[in-house]
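Quick look at model-v4.txt (compact mmCIF, C-alpha atoms and all ligand atoms):
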```txt
# COMPACT_ATOMS: atom_id res chain seq x y z
CA MET V 1 -16.11 -3.02 2.45
CA PRO V 2 -15.50 -2.03 -1.17
CA VAL V 3 -12.21 -3.17 -2.56
CA ARG V 4 -10.28 -0.34 -4.07
CA GLN V 5 -8.03 -0.71 -7.04
CA LEU V 6 -4.47 -0.64 -5.79
CA PRO V 7 -2.23 2.12 -7.13
CA PRO V 8 0.46 1.09 -9.63
CA VAL V 9 3.43 -0.29 -7.77
CA ASN V 10 5.69 2.24 -9.50
CA ASP V 11 3.76 5.03 -7.75
CA THR V 12 4.39 3.66 -4.30
CA LEU V 13 7.27 3.99 -1.90
CA GLU V 14 9.43 1.09 -0.84
CA GLN V 15 7.88 1.34 2.64
CA GLN V 16 4.44 0.89 1.09
CA GLN V 17 5.54 -2.06 -1.00
CA ARG V 18 6.87 -3.75 2.11
CA GLY V 19 3.69 -3.14 4.08
CA TRP V 20 5.33 -0.75 6.56
CA ALA V 21 3.30 2.27 5.47
CA CYS V 22 -0.32 2.60 4.38
CA ILE V 23 -0.85 2.20 0.64
CA TRP V 24 -3.32 5.14 0.60
CA CYS V 25 -2.15 7.75 3.10
CA ARG V 26 1.50 6.70 3.57
CA THR V 27 1.13 6.70 7.33
CA TRP V 28 3.58 4.45 9.16
CA LEU V 29 1.59 1.39 10.27
CA PRO V 30 1.88 0.03 13.80
CA VAL V 31 2.73 -3.67 13.84
CA GLY V 32 -0.43 -5.76 13.84
CA LEU V 33 -2.72 -2.74 13.42
CA SER V 34 -3.29 -2.72 9.70
CA THR V 35 -5.26 -4.62 7.10
CA ASP V 36 -3.39 -6.97 4.82
CA LEU V 37 -4.49 -6.34 1.23
CA GLY V 38 -2.87 -9.50 -0.02
CA GLN V 39 0.33 -10.38 -1.74
CA GLN V 40 0.63 -8.75 -5.17
CA ARG V 41 2.66 -10.20 -7.99
CA VAL V 42 4.18 -7.83 -10.52
CA ILE V 43 5.54 -8.93 -13.85
CA PRO V 44 7.51 -6.00 -15.29
CA GLU V 45 8.12 -5.65 -19.00
CA THR V 46 11.80 -6.13 -18.30
CA GLY V 47 13.36 -7.90 -15.39
CA ALA V 48 12.15 -10.57 -13.05
CA ALA V 49 8.71 -10.89 -11.49
CA TYR V 50 8.48 -9.86 -7.86
CA LEU V 51 6.02 -9.58 -5.00
CA TRP V 52 4.85 -6.66 -2.92
CA PHE V 53 2.73 -6.55 0.18
CA PRO V 54 0.30 -3.62 0.40
CA ARG V 55 -1.42 -2.85 3.70
CA GLU V 56 -3.88 -0.18 4.76
CA CYS V 57 -4.94 1.52 8.00
CA LEU V 58 -7.52 -0.23 10.18
CA ASN V 59 -9.37 3.06 10.52
CA THR V 60 -10.36 3.66 6.90
CA ALA V 61 -12.24 6.91 7.66
CA ALA V 62 -9.19 8.52 9.25
CA CYS V 63 -7.09 7.08 6.46
CA ALA V 64 -9.28 8.68 3.78
CA GLU V 65 -9.03 12.02 5.58
CA ARG V 66 -5.25 11.81 5.63
CA GLU V 67 -5.21 10.74 2.01
CA ALA V 68 -7.33 13.75 1.03
CA THR V 69 -4.87 16.19 2.59
CA PHE V 70 -1.96 14.30 1.14
CA ARG V 71 -3.08 14.32 -2.51
ZN ZN B 101 -3.97 4.93 5.59
```
Represent the supplied structure as structure tokens.
Amino acid sequence: MPVRQLPPVNDTLEQQQRGWACIWCRTWLPVGLSTDLGQQRVIPETGAAYLWFPRECLNTAACAEREATFR
């Protein structure tokens, strides 16, 4: 599976940063039914470094369809 470049954290919602909603289509993710994209560390120009936890839908085809209508 190709690894996509994650969107900038500033373009994402809090729910997406916490791994509650899909990073691509913003769909609410059922517990245990999503793919963990790995912990991301952000070092802002000002302020303290922090972590965020992007996740995506298990069904990437359906996800891409939703993303297409969303954008
Ligand atoms: Zn999705």
Could I get the residue neighbourhood of ligand ZN 101 (chain B) at 12 Å, counting all atoms listed in the file, as a PyMOL selection string? chain V and resi 16+19-30+33-36+54-70
Would you give the centre and edge lengths, in Å to one decimal, of a box along x, y and z around the listed atoms of region 15-18 of chain V, with 4 Å added to each side, as AutoDock Vina command-line options?
```
--center_x 6.2 --center_y -1.2 --center_z 0.8 --size_x 11.4 --size_y 13.1 --size_z 11.6
```
Atom-to-atom span, CA of Ile43 (chain V) and CA of Val31 (chain V), Å: 28.3 Å
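Coordinates place CA of Gly38 (chain V) at a distance of 15.6 Å from CA of Thr12 (chain V).
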Point-to-point distance in Å for CA of Val9 (chain V) and CA of Val42 (chain V): 8.1 Å
